[in-house]
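Visitor: First the structure, which I've put down as structure tokens, then a few questions once you've had a look.
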Amino acid sequence: MSTHGTAAHHRLPDLPPLVRRALEVARAHGFEHSCHPEQGLLIRALAGGAAGLIGESGTGCGVGLAWLASGAAPGVRLVSVERDPARAAVAAEVFADQPQVRVLCADWTELYEHGPFDLLVLDGGGQGKGIEPPADPARLLSPQGTLVMDDFTPSPGWPPLHEGRPDTARLHWLEHPALRAVEVRLAPDLSSVVATLRGQAGSARDT
């Protein structure tokens with residue numbers, strides 16, 4: 001989750017209607033940890049390249065999911081999981097008139113039951129931060145599917161650092177043998193890792 005991401009959207013005057021709706025709900029419920037607008041713009045653009053299924057962990061009140069749904073082509077389905085029951089219920093209401101969108105009250109591991117995904121945004125579990133195990137991209141992504149992890153702080157050198165130490169979570173994704181990965185700086189204090197699955201049918205082989 002992003003610190004003060006909900007409030008940061010004031011910088012964008014022309015928001016997609018679905019994003020505006022989700023933001024109003026997030027503000028009404030005092031939820032400040034929505035994705036930042038720069039992240040929203042990135043995942044909306046990536047959603048346009050998804051052919052069949054988009055996934056997300058960490059729905060929150062639905063702001064990031066609204067960015068994804070606003071960029072997705074007609075016919076593309078979206079599945080998002082939120083482990084907090086109250087937030088999951090609130091987010092489901094945001095998308096009540098969007099039949100292509102499902103919000104599930106579940107841990108991020110529920111995504112294994114709904115993939116593989118053409119695009120998967122991990123924002124509420126599965127990133128491998130802290131003590132949690134990282135997600136398995138070969139099980140979750142379709143061939144050449146795209147994975148996005150938000151909320152990293154740009155690091156000027158290599159290896160990337162977090163609190164003065166090598167950032168093991170970020171290194172896991174940037175050096176993952178099954179992925180082609182790059183860190184994208186979205187703001188002076190904000191970056192995302194974007195990765196594509198190598199090979200065919202979930203294989204780690206290069207094509």
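Chains: A, B, ... in order of the structure tokens. Residues: from 1 per chain. Ligands: from 1, in order shown.
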Skip His176 in chain A itself and residues of its chain fewer than 6 positions away, then list as an MDAnalysis selection string all residues within 12 Å of it, counting only C-alpha atoms.

Guide: chainID A and resid 134:138 147 168:170 182 193:198 204

Visitor: Go ahead and dump the residues you just picked, N, CA and C atoms, as a short mmCIF file (atom, residue, chain, number, x, y, z; two decimals), in the first residue's frame.

Guide:
data_model
loop_
_atom_site.label_atom_id
_atom_site.label_comp_id
_atom_site.auth_asym_id
_atom_site.auth_seq_id
_atom_site.Cartn_x
_atom_site.Cartn_y
_atom_site.Cartn_z
N PRO A 134 7.52 -14.72 -1.46
CA PRO A 134 7.13 -14.06 -2.71
C PRO A 134 6.25 -14.97 -3.56
N ALA A 135 5.46 -14.37 -4.40
CA ALA A 135 4.61 -15.10 -5.33
C ALA A 135 5.47 -15.84 -6.36
N ASP A 136 4.89 -16.88 -6.94
CA ASP A 136 5.56 -17.66 -7.98
C ASP A 136 5.05 -17.19 -9.35
N PRO A 137 5.84 -16.42 -10.09
CA PRO A 137 5.34 -15.88 -11.36
C PRO A 137 5.03 -16.95 -12.39
N ALA A 138 5.73 -18.08 -12.36
CA ALA A 138 5.48 -19.13 -13.34
C ALA A 138 4.09 -19.74 -13.15
N LEU A 147 4.10 -8.59 -14.70
CA LEU A 147 3.98 -8.49 -13.25
C LEU A 147 4.44 -7.10 -12.83
N THR A 168 16.40 -6.92 -0.46
CA THR A 168 16.29 -8.30 -0.92
C THR A 168 15.00 -8.55 -1.70
N ALA A 169 13.92 -7.89 -1.33
CA ALA A 169 12.66 -8.07 -2.06
C ALA A 169 12.79 -7.56 -3.49
N ARG A 170 13.35 -6.38 -3.64
CA ARG A 170 13.51 -5.82 -4.99
C ARG A 170 14.48 -6.66 -5.82
N VAL A 182 12.61 -4.77 -14.91
CA VAL A 182 13.25 -3.46 -14.89
C VAL A 182 12.57 -2.61 -13.82
N VAL A 193 8.64 -2.00 -10.01
CA VAL A 193 9.31 -3.03 -10.79
C VAL A 193 8.29 -3.62 -11.75
N VAL A 194 8.65 -3.65 -13.01
CA VAL A 194 7.79 -4.23 -14.05
C VAL A 194 8.55 -5.39 -14.67
N ALA A 195 7.93 -6.55 -14.73
CA ALA A 195 8.60 -7.75 -15.20
C ALA A 195 7.70 -8.53 -16.15
N THR A 196 8.32 -9.21 -17.11
CA THR A 196 7.61 -10.07 -18.06
C THR A 196 8.12 -11.48 -17.94
N LEU A 197 7.21 -12.43 -17.95
CA LEU A 197 7.59 -13.83 -17.86
C LEU A 197 8.33 -14.26 -19.13
N ARG A 198 9.47 -14.91 -18.95
CA ARG A 198 10.22 -15.42 -20.08
C ARG A 198 9.57 -16.69 -20.61
N ALA A 204 10.73 -21.02 -17.92
CA ALA A 204 11.72 -19.99 -17.69
C ALA A 204 12.68 -19.87 -18.85
#

Visitor: Mind checking DSSP for range 54-110 of chain A and telling me the helix (DSSP H, G or I) residues as a list of chain:residue names?

Guide: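 The helix (DSSP H, G or I) residues within range 54-110 of chain A come out as A:Val63, A:Gly64, A:Leu65, A:Ala66, A:Trp67, A:Leu68, A:Ala69, A:Ser70, A:Gly71, A:Pro85, A:Ala86, A:Arg87, A:Ala88, A:Ala89, A:Val90, A:Ala91, A:Ala92, A:Glu93, A:Val94, A:Trp108, A:Thr109, A:Glu110.
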
Visitor: For the residues in that selection, give me N, CA and C atoms as an mmCIF file, in the first residue's frame.

Guide:
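Okay, result_11.cif is ready:
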data_model
loop_
_atom_site.group_PDB
_atom_site.id
_atom_site.type_symbol
_atom_site.label_atom_id
_atom_site.label_comp_id
_atom_site.auth_asym_id
_atom_site.auth_seq_id
_atom_site.Cartn_x
_atom_site.Cartn_y
_atom_site.Cartn_z
ATOM 1 N N VAL A 63 -9.094 1.921 -5.685
ATOM 2 C CA VAL A 63 -8.548 2.958 -6.567
ATOM 3 C C VAL A 63 -7.641 2.352 -7.641
ATOM 4 N N GLY A 64 -6.693 1.510 -7.236
ATOM 5 C CA GLY A 64 -5.829 0.874 -8.223
ATOM 6 C C GLY A 64 -6.609 0.007 -9.186
ATOM 7 N N LEU A 65 -7.576 -0.728 -8.672
ATOM 8 C CA LEU A 65 -8.415 -1.562 -9.526
ATOM 9 C C LEU A 65 -9.208 -0.709 -10.516
ATOM 10 N N ALA A 66 -9.634 0.470 -10.081
ATOM 11 C CA ALA A 66 -10.350 1.372 -10.985
ATOM 12 C C ALA A 66 -9.439 1.864 -12.111
ATOM 13 N N TRP A 67 -8.171 2.142 -11.791
ATOM 14 C CA TRP A 67 -7.223 2.495 -12.847
ATOM 15 C C TRP A 67 -7.076 1.342 -13.846
ATOM 16 N N LEU A 68 -6.963 0.126 -13.337
ATOM 17 C CA LEU A 68 -6.835 -1.040 -14.214
ATOM 18 C C LEU A 68 -8.075 -1.212 -15.093
ATOM 19 N N ALA A 69 -9.247 -1.132 -14.475
ATOM 20 C CA ALA A 69 -10.481 -1.309 -15.224
ATOM 21 C C ALA A 69 -10.676 -0.207 -16.263
ATOM 22 N N SER A 70 -10.183 0.996 -15.953
ATOM 23 C CA SER A 70 -10.316 2.112 -16.897
ATOM 24 C C SER A 70 -9.434 1.938 -18.123
ATOM 25 N N GLY A 71 -8.343 1.164 -17.983
ATOM 26 C CA GLY A 71 -7.457 0.946 -19.114
ATOM 27 C C GLY A 71 -7.704 -0.331 -19.868
ATOM 28 N N PRO A 85 -12.204 -7.655 5.449
ATOM 29 C CA PRO A 85 -13.597 -7.801 5.012
ATOM 30 C C PRO A 85 -14.315 -6.480 4.767
ATOM 31 N N ALA A 86 -14.084 -5.491 5.622
ATOM 32 C CA ALA A 86 -14.781 -4.215 5.449
ATOM 33 C C ALA A 86 -14.353 -3.532 4.156
ATOM 34 N N ARG A 87 -13.041 -3.501 3.895
ATOM 35 C CA ARG A 87 -12.575 -2.865 2.660
ATOM 36 C C ARG A 87 -13.036 -3.649 1.439
ATOM 37 N N ALA A 88 -13.018 -4.974 1.519
ATOM 38 C CA ALA A 88 -13.475 -5.777 0.386
ATOM 39 C C ALA A 88 -14.934 -5.464 0.056
ATOM 40 N N ALA A 89 -15.762 -5.316 1.074
ATOM 41 C CA ALA A 89 -17.170 -5.009 0.848
ATOM 42 C C ALA A 89 -17.350 -3.629 0.230
ATOM 43 N N VAL A 90 -16.579 -2.667 0.715
ATOM 44 C CA VAL A 90 -16.647 -1.307 0.172
ATOM 45 C C VAL A 90 -16.220 -1.290 -1.287
ATOM 46 N N ALA A 91 -15.118 -1.970 -1.592
ATOM 47 C CA ALA A 91 -14.623 -2.001 -2.970
ATOM 48 C C ALA A 91 -15.610 -2.706 -3.896
ATOM 49 N N ALA A 92 -16.225 -3.774 -3.416
ATOM 50 C CA ALA A 92 -17.201 -4.482 -4.250
ATOM 51 C C ALA A 92 -18.349 -3.567 -4.648
ATOM 52 N N GLU A 93 -18.751 -2.674 -3.751
ATOM 53 C CA GLU A 93 -19.812 -1.724 -4.075
ATOM 54 C C GLU A 93 -19.377 -0.746 -5.163
ATOM 55 N N VAL A 94 -18.106 -0.354 -5.140
ATOM 56 C CA VAL A 94 -17.605 0.562 -6.174
ATOM 57 C C VAL A 94 -17.805 -0.038 -7.560
ATOM 58 N N TRP A 108 -3.778 -12.945 -0.565
ATOM 59 C CA TRP A 108 -3.255 -12.871 -1.928
ATOM 60 C C TRP A 108 -3.073 -14.241 -2.564
ATOM 61 N N THR A 109 -2.868 -15.285 -1.754
ATOM 62 C CA THR A 109 -2.644 -16.613 -2.322
ATOM 63 C C THR A 109 -3.871 -17.150 -3.055
ATOM 64 N N GLU A 110 -5.037 -16.565 -2.822
ATOM 65 C CA GLU A 110 -6.241 -16.939 -3.563
ATOM 66 C C GLU A 110 -6.070 -16.717 -5.058
#

Visitor: Let's see if you can do this: from backbone DSSP, list all strand (DSSP E or B) residues in range 5-201 of chain A, as a count of residues only.

Guide: 55

Visitor: Nearest to Gly124 in chain A: which of A:Gly55, A:Pro99, A:Gly157, A:Gly49 is it, counting only C-alpha atoms?

Guide: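 Between A:Gly55, A:Pro99, A:Gly157, A:Gly49, the residue approaching Gly124 in chain A most closely is A:Gly55.
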
Visitor: Please provide the set of residues having any atom within 12 Å of His10 in chain A, restricted to only C-alpha atoms, with same-chain residues fewer than 6 positions apart removed, written as a PyMOL selection string.

Guide: chain A and resi 4+20+23-24+27+36-38
